[in-house]
Amino acid sequence: MTAQKDWLEKDFYQTLGVSESSSAKEITKTYRKLARKLHPDANPNDKEAETKFKEVSAAYDVIGDEKKRSEYDELRRLGPLGAGFNSGSSGFNSGGIPFDISDIFGNFFGNQPNGGGQRGLDIEATLPLSFLDAVNGVTTTLTLGSQRDKGSTSVRVKIPPGVENGQRVRVKGKGQSGPVGPGDLFVIVQVEPHEFFGREGKNLTLVTRVTFPQLVLGSEVKVDTLDGSKVTLRIPPGTPNGRTFRVKGGGVSTSRGLGDLLVTVEVEIPTQVSDKEVSLIEELADVMAKKTPKD
């Protein structure tokens, strides 16, 4: 059970602006829209946007995960049972059988029932990562607490390959200390956008500029991959503008397998043309205007 005590105090559905009946696809779509809008790179020096970004990321980490969402919904369902009781007080369920509220929380939070002691609280920390480090994985050191604080500690964190923006990585036993052992540290990953590449799950996305003749007549173009090499993309004659081609195995390697590189071709409109080019374009436009569609 991965539930945390703050789950009882937070409405993650409200944070994302979705309903409890929303599908996983709807939740993911909403999260991605909010993440793009609130990302620190899109809102430099905007503390409010940064705070909201962390909140939606934390919310999506729970209700965007099928298992965690199920646990969260169950915990919210059980939450009202504790109304009017202090932790550790006794009551009766609907069948008249006595129960201890601490047993309920103990089952969810890994605590020993009946005052047997508690593990330490889980803590969270944010870790900015470059796009490449998120794709390839990295081992780094994270400082917990202010560097001016003598009580600050450094934790070695291993980020697995293929983590996504907003994903949480668990570092076992690095949370607050407690009578029966420490809690865990959850590292929230904030991935910086790439200059050229985008990402959709385990797939990478790329837009490459081509000319109108290349789409009409067909051509071969070289496109970059994330590792710096190039692959040849074959564009068949009559390719429509905006078509996306799939380069197998050119994506991100994750626990769910290796993704692909999705390359979208878009016509690049020249901003400066010579007199000869203008003449040729006008001639082509005239020919196309006179061309009648076939029956």
# chains A, B, ... in the order shown; residues from 1 in each chain; ligands from 1

$ residues_around --residues "segment 35-37 of chain A" --least-positions-apart "6" --cutoff "9 Å" --atoms "only C-alpha atoms" --output "ChimeraX atom specification"
/A:43,49,53,56-57,165-166

$ residues_around --residues "segment 211-225 of chain A" --least-positions-apart "6" --cutoff "6 Å" --atoms "only C-alpha atoms" --output "list in words"
Val231, Thr232, Leu233, Arg234, Ile235, Pro236, Pro237, Gly238, Thr239, Val267 and Glu268 of chain A

$ write_last_selection --atoms "N, CA and C atoms" --output "mmCIF file, in the first residue's frame"
data_model
loop_
_atom_site.group_PDB
_atom_site.id
_atom_site.type_symbol
_atom_site.label_atom_id
_atom_site.label_comp_id
_atom_site.auth_asym_id
_atom_site.auth_seq_id
_atom_site.Cartn_x
_atom_site.Cartn_y
_atom_site.Cartn_z
ATOM 1 N N VAL A 231 19.046 9.489 -39.428
ATOM 2 C CA VAL A 231 18.395 8.412 -40.165
ATOM 3 C C VAL A 231 17.785 9.005 -41.426
ATOM 4 N N THR A 232 17.636 8.158 -42.448
ATOM 5 C CA THR A 232 17.059 8.606 -43.706
ATOM 6 C C THR A 232 15.559 8.371 -43.706
ATOM 7 N N LEU A 233 14.807 9.436 -43.979
ATOM 8 C CA LEU A 233 13.359 9.363 -44.040
ATOM 9 C C LEU A 233 12.938 9.449 -45.501
ATOM 10 N N ARG A 234 12.245 8.415 -45.974
ATOM 11 C CA ARG A 234 11.789 8.376 -47.362
ATOM 12 C C ARG A 234 10.376 8.939 -47.458
ATOM 13 N N ILE A 235 10.256 10.045 -48.206
ATOM 14 C CA ILE A 235 8.963 10.704 -48.375
ATOM 15 C C ILE A 235 8.407 10.324 -49.741
ATOM 16 N N PRO A 236 7.299 9.604 -49.780
ATOM 17 C CA PRO A 236 6.729 9.209 -51.075
ATOM 18 C C PRO A 236 6.106 10.394 -51.800
ATOM 19 N N PRO A 237 6.003 10.338 -53.140
ATOM 20 C CA PRO A 237 5.364 11.424 -53.900
ATOM 21 C C PRO A 237 3.923 11.639 -53.440
ATOM 22 N N GLY A 238 3.529 12.899 -53.412
ATOM 23 C CA GLY A 238 2.160 13.231 -53.034
ATOM 24 C C GLY A 238 1.892 13.179 -51.542
ATOM 25 N N THR A 239 2.924 13.305 -50.745
ATOM 26 C CA THR A 239 2.738 13.283 -49.284
ATOM 27 C C THR A 239 2.078 14.575 -48.811
ATOM 28 N N VAL A 267 5.826 21.853 -44.440
ATOM 29 C CA VAL A 267 6.389 22.685 -45.504
ATOM 30 C C VAL A 267 6.947 23.969 -44.916
ATOM 31 N N GLU A 268 8.167 24.278 -45.282
ATOM 32 C CA GLU A 268 8.788 25.529 -44.847
ATOM 33 C C GLU A 268 8.549 26.588 -45.915
#

$ select_by_dssp --residues "segment 153-274 of chain A" --states "strand (DSSP E)" --output "PyMOL selection string"
chain A and resi 153-159+168-171+185-191+198-200+203-210+219-224+230-235+244-247+253-254+257-258+261-267

$ write_last_selection --atoms "C-alpha atoms" --output "compact mmCIF listing (two decimals), in the first residue's frame"
# COMPACT_ATOMS: atom_id res chain seq x y z
CA THR A 153 21.54 16.03 4.27
CA SER A 154 22.61 14.74 0.87
CA VAL A 155 20.93 11.72 -0.64
CA ARG A 156 22.17 9.67 -3.55
CA VAL A 157 19.29 9.24 -6.02
CA LYS A 158 19.23 6.86 -8.95
CA ILE A 159 16.80 8.00 -11.65
CA ARG A 168 7.80 10.30 -8.65
CA VAL A 169 10.80 8.10 -7.89
CA ARG A 170 10.82 6.35 -4.52
CA VAL A 171 14.01 6.25 -2.45
CA LEU A 185 11.70 9.90 0.06
CA PHE A 186 9.66 10.56 -3.08
CA VAL A 187 11.54 12.52 -5.72
CA ILE A 188 9.28 14.45 -8.12
CA VAL A 189 11.01 14.76 -11.48
CA GLN A 190 10.70 18.04 -13.40
CA VAL A 191 11.95 17.46 -16.94
CA GLY A 198 9.10 16.32 -27.75
CA ARG A 199 7.79 13.25 -25.99
CA GLU A 200 4.58 11.22 -25.95
CA ASN A 203 7.77 7.85 -28.18
CA LEU A 204 9.85 10.86 -29.19
CA THR A 205 8.41 13.49 -31.53
CA LEU A 206 10.19 15.71 -34.04
CA VAL A 207 9.10 18.22 -36.68
CA THR A 208 11.28 18.46 -39.79
CA ARG A 209 10.94 21.18 -42.41
CA VAL A 210 10.71 20.24 -46.10
CA SER A 219 12.40 12.70 -51.68
CA GLU A 220 14.76 11.41 -49.04
CA VAL A 221 15.69 13.61 -46.09
CA LYS A 222 18.09 13.13 -43.20
CA VAL A 223 16.58 13.61 -39.75
CA ASP A 224 18.34 13.83 -36.40
CA LYS A 230 20.89 10.66 -38.43
CA VAL A 231 18.40 8.41 -40.17
CA THR A 232 17.06 8.61 -43.71
CA LEU A 233 13.36 9.36 -44.04
CA ARG A 234 11.79 8.38 -47.36
CA ILE A 235 8.96 10.70 -48.38
CA THR A 244 3.78 11.87 -39.45
CA PHE A 245 6.23 9.05 -40.17
CA ARG A 246 7.30 6.42 -37.65
CA VAL A 247 10.95 5.47 -37.21
CA SER A 253 13.71 2.88 -23.65
CA THR A 254 11.43 2.38 -20.64
CA GLY A 257 9.69 -1.30 -23.87
CA LEU A 258 11.37 0.79 -26.55
CA LEU A 261 10.54 8.36 -33.23
CA LEU A 262 7.52 10.14 -34.73
CA VAL A 263 8.63 12.58 -37.43
CA THR A 264 6.13 15.12 -38.77
CA VAL A 265 6.96 16.81 -42.09
CA GLU A 266 5.89 20.42 -42.51
CA VAL A 267 6.39 22.68 -45.50

$ residues_around --residues "Leu121 of chain A" --least-positions-apart "4" --cutoff "7 Å" --atoms "only C-alpha atoms" --output "PyMOL selection string"
chain A and resi 175-176+183

$ write_last_selection --atoms "N, CA and C atoms" --output "short mmCIF file (atom, residue, chain, number, x, y, z; two decimals), in the first residue's frame"
data_model
loop_
_atom_site.label_atom_id
_atom_site.label_comp_id
_atom_site.auth_asym_id
_atom_site.auth_seq_id
_atom_site.Cartn_x
_atom_site.Cartn_y
_atom_site.Cartn_z
N GLY A 175 13.23 8.96 4.24
CA GLY A 175 12.30 9.95 4.76
C GLY A 175 12.62 10.29 6.21
N GLN A 176 11.63 10.80 6.95
CA GLN A 176 11.84 11.15 8.34
C GLN A 176 11.98 9.88 9.18
N GLY A 183 10.69 6.75 7.10
CA GLY A 183 9.79 6.74 5.95
C GLY A 183 10.59 6.76 4.66
#

$ residues_around --residues "Val135 of chain A" --least-positions-apart "3" --cutoff "9 Å" --atoms "only C-alpha atoms" --output "PDB file with C-alpha atoms, in the first residue's frame"
ATOM      1  CA  SER A 130      17.511  17.755 -18.439  1.00  0.00           C
ATOM      2  CA  PHE A 131      15.589  16.054 -21.227  1.00  0.00           C
ATOM      3  CA  LEU A 132      18.548  13.765 -21.976  1.00  0.00           C
ATOM      4  CA  VAL A 138      21.154   9.398 -14.161  1.00  0.00           C
ATOM      5  CA  PRO A 160      15.889   5.129 -13.998  1.00  0.00           C
ATOM      6  CA  PRO A 161      15.916   5.633 -17.784  1.00  0.00           C
ATOM      7  CA  GLY A 162      12.711   6.869 -19.338  1.00  0.00           C
ATOM      8  CA  VAL A 163      11.181   8.837 -16.445  1.00  0.00           C
ATOM      9  CA  GLU A 164       8.526  11.351 -17.436  1.00  0.00           C
ATOM     10  CA  VAL A 252      12.746   6.135 -25.342  1.00  0.00           C
ATOM     11  CA  SER A 253      13.713   2.875 -23.650  1.00  0.00           C
ATOM     12  CA  THR A 254      11.425   2.385 -20.637  1.00  0.00           C
TER      13      THR A 254
END

$ closest_residue --among "A:Ser152, A:Thr139, A:Gln118, A:Gln14" --to "Val180 of chain A" --atoms "only C-alpha atoms"
A:Gln118

$ residues_around --residues "Glu66 of chain A" --least-positions-apart "6" --cutoff "12 Å" --atoms "only C-alpha atoms" --output "PDB file with C-alpha atoms, in the first residue's frame"
ATOM      1  CA  SER A  23     -11.208   8.007 -17.691  1.00  0.00           C
ATOM      2  CA  ALA A  24      -7.447   7.534 -17.470  1.00  0.00           C
ATOM      3  CA  LYS A  25      -7.133   9.051 -20.946  1.00  0.00           C
ATOM      4  CA  ILE A  27      -6.949  12.583 -16.792  1.00  0.00           C
ATOM      5  CA  THR A  28      -3.697  12.280 -18.766  1.00  0.00           C
ATOM      6  CA  TYR A  60      -1.349  13.186 -11.458  1.00  0.00           C
ATOM      7  CA  TYR A  72      -6.662   6.751  -3.133  1.00  0.00           C
ATOM      8  CA  ASP A  73     -10.361   6.228  -3.936  1.00  0.00           C
TER       9      ASP A  73
END

$ select_by_dssp --residues "segment 115-238 of chain A" --states "alpha helix (DSSP H)" --output "PyMOL selection string"
chain A and resi 131-136+212-217

$ atom_distance --atom1 "atom CA of Val18 of chain A" --atom2 "atom CA of Arg76 of chain A"
16.0 Å

$ atom_distance --atom1 "atom CA of Glu195 of chain A" --atom2 "atom CA of Val273 of chain A"
27.8 Å
